[in-house]
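Quick notes on the structure that follows.
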Amino acid sequence: MTSSDKVNIVSDLLEILDEDPTLKPKGIETREWIAPFIGCKARTAQKYINLAKGIVPEKTEVVIDYSYAVKILTDKLCTKVKINKGKATIYFNDVEDLNNILERMGAIENI
């Protein structure tokens with residue numbers, strides 16, 4: 001079932017509830033009542049309820065290009081580096097490789 005199918009179903013269910021509110025048991029939230037009809041949890045059902053009512057979330061996703069930082073770290077550390085959502089991953093093969101990386105970072109001194 002596509003997202004638009006779910007929005008349509010939720011819209012129909014909301015109209016049915018407007019016509020006959022007794023269909024929904026007392027003490028249960030509308031989103032909890034709708035969730036099984038579209039096969040999701042109540043929080044996800046709320047998203048579809050909002051969409052059916054025309055409420056659009058104001059979230060704007062900020063895309064950050066980390067390629068420059070990845071290039072600098074890769075060149076400096078001489079190893080593969082990935083950066084994703086505030087997390088940097090530095091790859092190494094063995095303990096000797098790790099020690100070389102730490103030495104390039106200035107984290108350990110030459111012995």
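Following the order of the structure tokens, first chain is A, next is B, and so on, with residues numbered from 1 inside each chain and ligands from 1 in the order they appear.
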
- prompt: Which residues, written as a PyMOL selection string, have at least one atom at most 12 Å from Ser67 of chain A, with only C-alpha atoms counted and residues fewer than 2 positions away on the same chain left out?
  reply: chain A and resi 63-65+69-74+81-84+88

Based on the selection just made, write N, CA and C atoms of those residues as an mmCIF file, in the first residue's frame.
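Here's the written file part_6.cif:
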data_model
loop_
_atom_site.group_PDB
_atom_site.id
_atom_site.type_symbol
_atom_site.label_atom_id
_atom_site.label_comp_id
_atom_site.auth_asym_id
_atom_site.auth_seq_id
_atom_site.Cartn_x
_atom_site.Cartn_y
_atom_site.Cartn_z
ATOM 1 N N VAL A 63 21.070 19.337 4.057
ATOM 2 C CA VAL A 63 22.052 18.396 3.532
ATOM 3 C C VAL A 63 23.418 19.051 3.625
ATOM 4 N N ILE A 64 24.305 18.392 4.337
ATOM 5 C CA ILE A 64 25.651 18.926 4.518
ATOM 6 C C ILE A 64 26.614 18.070 3.716
ATOM 7 N N ASP A 65 27.446 18.730 2.953
ATOM 8 C CA ASP A 65 28.442 18.029 2.146
ATOM 9 C C ASP A 65 29.737 17.933 2.947
ATOM 10 N N ALA A 69 35.862 17.624 4.215
ATOM 11 C CA ALA A 69 36.431 17.100 5.459
ATOM 12 C C ALA A 69 36.925 15.670 5.271
ATOM 13 N N VAL A 70 36.190 14.876 4.507
ATOM 14 C CA VAL A 70 36.611 13.501 4.232
ATOM 15 C C VAL A 70 37.943 13.502 3.487
ATOM 16 N N LYS A 71 38.085 14.387 2.490
ATOM 17 C CA LYS A 71 39.330 14.460 1.717
ATOM 18 C C LYS A 71 40.502 14.849 2.617
ATOM 19 N N ILE A 72 40.296 15.853 3.474
ATOM 20 C CA ILE A 72 41.375 16.290 4.364
ATOM 21 C C ILE A 72 41.799 15.160 5.297
ATOM 22 N N LEU A 73 40.822 14.504 5.925
ATOM 23 C CA LEU A 73 41.147 13.414 6.849
ATOM 24 C C LEU A 73 41.777 12.225 6.137
ATOM 25 N N THR A 74 41.265 11.902 4.961
ATOM 26 C CA THR A 74 41.829 10.792 4.197
ATOM 27 C C THR A 74 43.281 11.072 3.837
ATOM 28 N N VAL A 81 38.111 7.189 5.145
ATOM 29 C CA VAL A 81 37.324 7.897 6.162
ATOM 30 C C VAL A 81 35.928 8.148 5.605
ATOM 31 N N LYS A 82 34.909 7.970 6.458
ATOM 32 C CA LYS A 82 33.529 8.312 6.097
ATOM 33 C C LYS A 82 32.974 9.229 7.180
ATOM 34 N N ILE A 83 32.170 10.214 6.771
ATOM 35 C CA ILE A 83 31.476 11.079 7.722
ATOM 36 C C ILE A 83 30.002 11.067 7.353
ATOM 37 N N ASN A 84 29.167 10.810 8.368
ATOM 38 C CA ASN A 84 27.730 10.746 8.142
ATOM 39 C C ASN A 84 26.992 11.188 9.394
ATOM 40 N N ALA A 88 32.105 10.286 12.427
ATOM 41 C CA ALA A 88 33.244 10.035 11.543
ATOM 42 C C ALA A 88 33.724 8.608 11.764
#

query: Which residues, written as a ChimeraX atom specification, have at least one atom at most 12 Å from Leu98 of chain A, with only C-alpha atoms counted and residues fewer than 4 positions away on the same chain left out?
result: /A:77-80,90-94,102-105,107-108

Those selected residues, please, written with all heavy atoms and delivered as a compact mmCIF listing (two decimals), in the first residue's frame.
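See selection-v5.txt below for the written result:
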# COMPACT_ATOMS: atom_id res chain seq x y z
N LEU A 77 45.40 11.16 7.27
CA LEU A 77 45.53 9.89 7.98
C LEU A 77 45.95 8.74 7.09
O LEU A 77 46.25 7.65 7.57
CB LEU A 77 44.22 9.56 8.68
CG LEU A 77 43.70 10.61 9.68
CD1 LEU A 77 42.36 10.18 10.24
CD2 LEU A 77 44.72 10.84 10.79
N CYS A 78 45.94 8.95 5.77
CA CYS A 78 46.32 7.92 4.79
C CYS A 78 45.48 6.65 4.95
O CYS A 78 46.00 5.52 4.93
CB CYS A 78 47.81 7.58 4.91
SG CYS A 78 48.89 8.98 4.62
N THR A 79 44.19 6.83 5.11
CA THR A 79 43.28 5.70 5.23
C THR A 79 41.88 6.14 4.81
O THR A 79 41.62 7.33 4.64
CB THR A 79 43.25 5.12 6.66
OG1 THR A 79 42.55 3.89 6.65
CG2 THR A 79 42.62 6.07 7.64
N LYS A 80 40.99 5.19 4.66
CA LYS A 80 39.61 5.49 4.27
C LYS A 80 38.86 6.12 5.44
O LYS A 80 38.95 5.65 6.58
CB LYS A 80 38.91 4.20 3.83
CG LYS A 80 37.50 4.39 3.37
CD LYS A 80 36.89 3.06 2.93
CE LYS A 80 35.43 3.24 2.58
NZ LYS A 80 34.79 1.98 2.20
N ILE A 90 36.76 5.98 10.79
CA ILE A 90 38.11 5.85 10.27
C ILE A 90 38.41 4.35 10.18
O ILE A 90 38.31 3.64 11.18
CB ILE A 90 39.13 6.56 11.18
CG1 ILE A 90 38.78 8.05 11.27
CG2 ILE A 90 40.55 6.35 10.68
CD1 ILE A 90 39.56 8.80 12.32
N TYR A 91 38.78 3.92 9.00
CA TYR A 91 39.02 2.50 8.77
C TYR A 91 40.50 2.16 8.91
O TYR A 91 41.36 2.93 8.51
CB TYR A 91 38.54 2.10 7.38
CG TYR A 91 37.04 2.23 7.23
CD1 TYR A 91 36.45 3.43 6.86
CD2 TYR A 91 36.22 1.15 7.48
CE1 TYR A 91 35.08 3.56 6.75
CE2 TYR A 91 34.84 1.27 7.38
CZ TYR A 91 34.28 2.46 7.01
OH TYR A 91 32.92 2.60 6.90
N PHE A 92 40.78 0.98 9.49
CA PHE A 92 42.15 0.48 9.59
C PHE A 92 42.12 -1.04 9.48
O PHE A 92 41.09 -1.67 9.67
CB PHE A 92 42.82 0.93 10.90
CG PHE A 92 42.12 0.47 12.14
CD1 PHE A 92 42.48 -0.72 12.76
CD2 PHE A 92 41.09 1.22 12.70
CE1 PHE A 92 41.84 -1.15 13.91
CE2 PHE A 92 40.44 0.80 13.84
CZ PHE A 92 40.82 -0.39 14.45
N ASN A 93 43.28 -1.63 9.17
CA ASN A 93 43.35 -3.07 8.93
C ASN A 93 43.83 -3.86 10.14
O ASN A 93 43.35 -4.95 10.40
CB ASN A 93 44.26 -3.37 7.74
CG ASN A 93 43.68 -2.82 6.45
OD1 ASN A 93 42.49 -2.90 6.24
ND2 ASN A 93 44.52 -2.23 5.63
N ASP A 94 44.81 -3.34 10.86
CA ASP A 94 45.36 -4.06 11.99
C ASP A 94 45.87 -3.06 13.03
O ASP A 94 45.77 -1.85 12.85
CB ASP A 94 46.47 -5.03 11.53
CG ASP A 94 47.55 -4.33 10.69
OD1 ASP A 94 47.77 -3.12 10.88
OD2 ASP A 94 48.18 -5.01 9.87
N LEU A 102 46.94 6.85 14.64
CA LEU A 102 46.99 7.62 15.89
C LEU A 102 48.23 8.51 15.94
O LEU A 102 48.18 9.64 16.44
CB LEU A 102 46.96 6.67 17.09
CG LEU A 102 45.65 5.91 17.30
CD1 LEU A 102 45.79 4.86 18.40
CD2 LEU A 102 44.52 6.89 17.62
N GLU A 103 49.33 8.01 15.40
CA GLU A 103 50.56 8.82 15.37
C GLU A 103 50.37 10.03 14.46
O GLU A 103 50.75 11.16 14.81
CB GLU A 103 51.72 7.96 14.86
CG GLU A 103 53.06 8.66 14.89
CD GLU A 103 54.18 7.78 14.39
OE1 GLU A 103 54.12 6.54 14.64
OE2 GLU A 103 55.10 8.29 13.76
N ARG A 104 49.75 9.84 13.29
CA ARG A 104 49.49 10.95 12.37
C ARG A 104 48.54 11.98 12.99
O ARG A 104 48.61 13.17 12.69
CB ARG A 104 48.91 10.43 11.06
CG ARG A 104 49.92 9.71 10.21
CD ARG A 104 49.31 9.33 8.85
NE ARG A 104 50.18 8.41 8.18
CZ ARG A 104 49.98 7.09 8.10
NH1 ARG A 104 48.89 6.56 8.63
NH2 ARG A 104 50.84 6.31 7.49
N MET A 105 47.66 11.50 13.87
CA MET A 105 46.73 12.41 14.54
C MET A 105 47.39 13.15 15.71
O MET A 105 46.83 14.08 16.25
CB MET A 105 45.53 11.60 15.10
CG MET A 105 44.63 11.03 14.03
SD MET A 105 43.35 9.93 14.69
CE MET A 105 42.34 11.09 15.59
N ALA A 107 48.06 11.62 18.48
CA ALA A 107 47.49 11.05 19.70
C ALA A 107 48.50 10.20 20.46
O ALA A 107 48.36 10.01 21.66
CB ALA A 107 46.27 10.20 19.36
N ILE A 108 49.53 9.68 19.77
CA ILE A 108 50.60 8.95 20.45
C ILE A 108 51.93 9.44 19.90
O ILE A 108 52.02 9.99 18.80
CB ILE A 108 50.47 7.41 20.25
CG1 ILE A 108 50.51 7.01 18.77
CG2 ILE A 108 49.22 6.89 20.90
CD1 ILE A 108 50.55 5.51 18.53

task: Write down as a ChimeraX atom specification the residues of chain A whose backbone DSSP state falls under helix (DSSP H, G or I).
output: /A:3-19,21-23,30-38,42-52,67-77,95-105

Need the shell around Gly106 of chain A: protein/DNA/RNA residues with any atom at most 12 Å away, counting only C-alpha atoms. Skip same-chain ones fewer than 6 positions apart. Format as an mmCIF file with N, CA and C atoms, in the first residue's frame?
data_model
loop_
_atom_site.group_PDB
_atom_site.id
_atom_site.type_symbol
_atom_site.label_atom_id
_atom_site.label_comp_id
_atom_site.auth_asym_id
_atom_site.auth_seq_id
_atom_site.Cartn_x
_atom_site.Cartn_y
_atom_site.Cartn_z
ATOM 1 N N LYS A 76 45.346 13.238 5.356
ATOM 2 C CA LYS A 76 46.139 13.385 6.586
ATOM 3 C C LYS A 76 46.414 12.036 7.235
ATOM 4 N N LEU A 77 45.402 11.161 7.273
ATOM 5 C CA LEU A 77 45.532 9.894 7.980
ATOM 6 C C LEU A 77 45.945 8.737 7.086
ATOM 7 N N ASN A 99 47.928 2.215 14.965
ATOM 8 C CA ASN A 99 48.977 3.001 15.621
ATOM 9 C C ASN A 99 49.526 4.080 14.688
ATOM 10 N N ASN A 100 49.675 3.754 13.407
ATOM 11 C CA ASN A 100 50.136 4.750 12.431
ATOM 12 C C ASN A 100 49.131 5.901 12.315
#

- request: as a count of residues only, please: all residues of chain A that backbone DSSP puts in strand (DSSP E or B).
  value: 8

field: Contact residues around segment 8-21 of chain A with only C-alpha atoms at 12 Å, ignoring same-chain residues under 4 positions, as a ChimeraX atom specification
entry: /A:1-4,25-26,28-40,44-54

- prompt: What separation in Å, quoted to one decimal, exists between atom CA of Val7 of chain A and atom CA of Gly27 of chain A?
  reply: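 Taking atom CA of Val7 of chain A as the start and atom CA of Gly27 of chain A as the end point, the length is 23.9 Å.
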
- prompt: atom CA of Lys24 of chain A and atom CA of Arg43 of chain A, how far apart in Å?
  reply: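 These atoms are spaced 17.5 Å apart.
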